[in-house]
Amino acid sequence: MDLNKKLDVLEKIYRVYDDFTGNLDVACKKYCDTCCTRNVTLTTLEGYRIVDYLILNGKADLFDNIRKDLHKGRFQPGITTNRLAELSIAEKDIPDERSHYFQGECPILTDRQCPVYKARPFGCRCFVSKHSCLEKGYAEVDEFILTVNNIFLQYIEHIDLQGCSGNLIDVLLYFESSEARRNYRDGVSNCAKNNLISNRSIPALMIPPEHRLKIQPILQAILSL
């Protein structure tokens, strides 16, 4: 699948998710930026889409803001969602990455608004809390929604199989280089040298038994793409 096709499928996956969340009663709204931290993760497919959006809309100066945050601690994942599924199937130990968690505002946030909102990655789209995170200090998400989120993460990673995953800061700075963007279009990614991890295909969908029937309409919507 060429890059344009992958981007088209990604856009359609986003629409399926937006249709799903459009019927949910959530507290998230404009200027609600508590969850907008520098710990967001994404795939290179999503990162390429964001960088393309920045360049086409004259917002490339935001790379300066991103570089300023480069020295700060941030969550850099050690395994992808599909690798997590692999380990679960094999009944192997799951790495505990919580110790690498750091707080801090997203470096591209401007006046409490996201300048790339239309191109935001799934890691931002899936923040759908029942109550204000600012008021209680944490998000509250229904267990079924967490299952749905994992499924979408698995599919997004799967369609970017030749790419990588990582922290938003690392992925965006990787694609600041025109050479990196060109290589990615040609199917070449350099994950390890850029603090990124290689994507994997879906070994099995992580759906607990109690959610298997309820999630079928969403699965069918994704598979129809």
# chains A, B, ... in the order shown; residues from 1 in each chain; ligands from 1
$ closest_atom_pairs --of "stretch 97-193 of chain A" --to "stretch 61-74 of chain A" --cutoff "12 Å" --atoms "only C-alpha atoms" --output "Markdown table"
| residue | atom | partner | partner_atom | distance |
| --- | --- | --- | --- | --- |
| A:Glu97 | CA | A:Arg74 | CA | 11.7 |
| A:Arg98 | CA | A:Arg74 | CA | 11.3 |
| A:Ser99 | CA | A:Arg74 | CA | 10.9 |
| A:His100 | CA | A:Arg74 | CA | 7.4 |
| A:Tyr101 | CA | A:Arg74 | CA | 6.6 |
| A:Phe102 | CA | A:Arg74 | CA | 5.3 |
| A:Gln103 | CA | A:Arg74 | CA | 7.5 |
| A:Gly104 | CA | A:Arg74 | CA | 8.1 |
| A:Glu105 | CA | A:Asp69 | CA | 9.5 |
| A:Cys106 | CA | A:Ile66 | CA | 8.6 |
| A:Pro107 | CA | A:Ile66 | CA | 5.3 |
| A:Ile108 | CA | A:Leu62 | CA | 6.2 |
| A:Leu109 | CA | A:Asn65 | CA | 9.3 |
| A:Thr110 | CA | A:Leu62 | CA | 9.6 |
| A:Cys114 | CA | A:Leu62 | CA | 11.3 |
| A:Pro115 | CA | A:Leu62 | CA | 9.1 |
| A:Val116 | CA | A:Leu62 | CA | 10.2 |
| A:Gly166 | CA | A:Arg74 | CA | 10.6 |
| A:Asn167 | CA | A:Arg74 | CA | 7.6 |
| A:Leu168 | CA | A:Ile66 | CA | 9.3 |
| A:Ile169 | CA | A:Ile66 | CA | 6.3 |
| A:Asp170 | CA | A:Leu70 | CA | 8.2 |
| A:Val171 | CA | A:Ile66 | CA | 10.6 |
| A:Leu172 | CA | A:Phe63 | CA | 8.0 |
| A:Leu173 | CA | A:Phe63 | CA | 7.1 |
| A:Tyr174 | CA | A:Phe63 | CA | 10.6 |
| A:Phe175 | CA | A:Phe63 | CA | 10.2 |
| A:Glu176 | CA | A:Phe63 | CA | 7.5 |
| A:Ser177 | CA | A:Phe63 | CA | 10.9 |
$ closest_atom_pairs --of "stretch 61-170 of chain A" --to "stretch 198-201 of chain A" --cutoff "12 Å" --atoms "only C-alpha atoms" --output "CSV"
residue,atom,partner,partner_atom,distance
A:Pro77,CA,A:Ser198,CA,10.9
A:Gly78,CA,A:Ser198,CA,9.9
A:Ile79,CA,A:Ser198,CA,8.6
A:Thr80,CA,A:Asn199,CA,6.6
A:Thr81,CA,A:Arg200,CA,8.5
A:Asn82,CA,A:Arg200,CA,5.9
A:Arg83,CA,A:Arg200,CA,6.6
A:Leu84,CA,A:Arg200,CA,10.0
A:Ala85,CA,A:Arg200,CA,10.0
A:Glu86,CA,A:Arg200,CA,9.4
A:Leu153,CA,A:Asn199,CA,11.1
A:Gln154,CA,A:Ser201,CA,8.0
A:Tyr155,CA,A:Ser201,CA,8.4
A:Ile156,CA,A:Asn199,CA,9.7
A:Glu157,CA,A:Asn199,CA,6.0
A:His158,CA,A:Ser201,CA,4.7
A:Ile159,CA,A:Ser201,CA,8.0
A:Asp160,CA,A:Asn199,CA,6.9
A:Leu161,CA,A:Asn199,CA,5.3
A:Gln162,CA,A:Asn199,CA,6.7
A:Gly163,CA,A:Asn199,CA,5.8
A:Cys164,CA,A:Ser198,CA,4.4
A:Ser165,CA,A:Asn199,CA,6.3
A:Gly166,CA,A:Ser198,CA,9.0
$ closest_residue --among "A:Ala90, A:Val40, A:Arg185, A:Gly58" --to "A:Asn4" --atoms "only C-alpha atoms"
A:Arg185
$ closest_residue --among "A:Ile215, A:Ile151, A:Ala60, A:Ile207" --to "A:Ile13" --atoms "only C-alpha atoms"
A:Ile151
$ select_by_dssp --residues "stretch 15-220 of chain A" --states "strand (DSSP E or B)" --output "PyMOL selection string"
chain A and resi 37+41-43+105+110+113+164-167+197-198
$ write_last_selection --atoms "C-alpha atoms" --output "mmCIF file, in the first residue's frame"
data_model
loop_
_atom_site.group_PDB
_atom_site.id
_atom_site.type_symbol
_atom_site.label_atom_id
_atom_site.label_comp_id
_atom_site.auth_asym_id
_atom_site.auth_seq_id
_atom_site.Cartn_x
_atom_site.Cartn_y
_atom_site.Cartn_z
ATOM 1 C CA THR A 37 1.183 16.956 27.614
ATOM 2 C CA THR A 41 2.695 8.898 21.347
ATOM 3 C CA LEU A 42 1.926 8.267 17.687
ATOM 4 C CA THR A 43 3.003 6.410 14.561
ATOM 5 C CA GLU A 105 2.712 20.852 28.459
ATOM 6 C CA THR A 110 -0.655 27.702 21.671
ATOM 7 C CA GLN A 113 -5.426 25.493 21.776
ATOM 8 C CA CYS A 164 7.825 3.471 13.620
ATOM 9 C CA SER A 165 6.118 4.685 16.781
ATOM 10 C CA GLY A 166 7.323 7.037 19.479
ATOM 11 C CA ASN A 167 6.843 10.274 21.355
ATOM 12 C CA ILE A 197 10.485 1.762 17.844
ATOM 13 C CA SER A 198 9.486 -0.387 14.884
#
$ select_by_dssp --residues "stretch 3-199 of chain A" --states "helix (DSSP H, G or I)" --output "number ranges by chain"
A: 3-21, 44-56, 62-68, 81-89, 98-100, 117-119, 122-125, 133-136, 143-159, 168-174, 178-185, 192-194
$ residues_around --residues "stretch 17-23 of chain A" --least-positions-apart "4" --cutoff "9 Å" --atoms "only C-alpha atoms" --output "PyMOL selection string"
chain A and resi 12-13+125-126+128+148-149+152+218
$ write_last_selection --atoms "N, CA and C atoms" --output "PDB file, in the first residue's frame"
ATOM      1  N   LYS A  12      -9.955   7.803   7.192  1.00  0.00           N
ATOM      2  CA  LYS A  12     -11.239   7.103   7.339  1.00  0.00           C
ATOM      3  C   LYS A  12     -11.350   6.439   8.706  1.00  0.00           C
ATOM      4  N   ILE A  13     -10.231   5.934   9.224  1.00  0.00           N
ATOM      5  CA  ILE A  13     -10.229   5.357  10.571  1.00  0.00           C
ATOM      6  C   ILE A  13     -10.567   6.440  11.600  1.00  0.00           C
ATOM      7  N   ARG A 125      -6.929  12.133  20.088  1.00  0.00           N
ATOM      8  CA  ARG A 125      -8.359  11.942  19.830  1.00  0.00           C
ATOM      9  C   ARG A 125      -9.023  11.041  20.870  1.00  0.00           C
ATOM     10  N   CYS A 126      -8.263  10.111  21.418  1.00  0.00           N
ATOM     11  CA  CYS A 126      -8.878   9.112  22.296  1.00  0.00           C
ATOM     12  C   CYS A 126      -8.971   9.551  23.746  1.00  0.00           C
ATOM     13  N   VAL A 128     -11.102  10.843  26.101  1.00  0.00           N
ATOM     14  CA  VAL A 128     -12.543  11.094  26.218  1.00  0.00           C
ATOM     15  C   VAL A 128     -12.972  10.809  27.658  1.00  0.00           C
ATOM     16  N   VAL A 148     -11.966  -0.198  22.873  1.00  0.00           N
ATOM     17  CA  VAL A 148     -12.105   0.394  21.532  1.00  0.00           C
ATOM     18  C   VAL A 148     -10.826   1.143  21.159  1.00  0.00           C
ATOM     19  N   ASN A 149     -10.295   1.920  22.090  1.00  0.00           N
ATOM     20  CA  ASN A 149      -9.072   2.675  21.821  1.00  0.00           C
ATOM     21  C   ASN A 149      -7.914   1.752  21.445  1.00  0.00           C
ATOM     22  N   PHE A 152      -8.240   0.514  17.840  1.00  0.00           N
ATOM     23  CA  PHE A 152      -7.862   1.534  16.866  1.00  0.00           C
ATOM     24  C   PHE A 152      -6.346   1.710  16.830  1.00  0.00           C
ATOM     25  N   ILE A 218     -18.216  -1.683  15.415  1.00  0.00           N
ATOM     26  CA  ILE A 218     -17.011  -0.875  15.204  1.00  0.00           C
ATOM     27  C   ILE A 218     -15.994  -1.641  14.375  1.00  0.00           C
TER      28      ILE A 218
END
$ closest_residue --among "A:Cys35, A:Lys193, A:Val9, A:Asp2" --to "A:Leu223" --atoms "only C-alpha atoms"
A:Val9
$ atom_distance --atom1 "atom CA of A:Phe144" --atom2 "atom CA of A:His211"
6.6 Å
$ closest_residue --among "A:Lys118, A:Lys59, A:Arg49, A:Arg212" --to "A:Leu3" --atoms "only C-alpha atoms"
A:Arg49
$ closest_residue --among "A:Ile202, A:Leu196, A:Leu45, A:Cys36" --to "A:Lys5" --atoms "only C-alpha atoms"
A:Leu45
$ atom_distance --atom1 "atom CA of A:Ala119" --atom2 "atom CA of A:Leu205"
25.8 Å
$ atom_distance --atom1 "atom CA of A:Thr147" --atom2 "atom CA of A:Met206"
7.3 Å
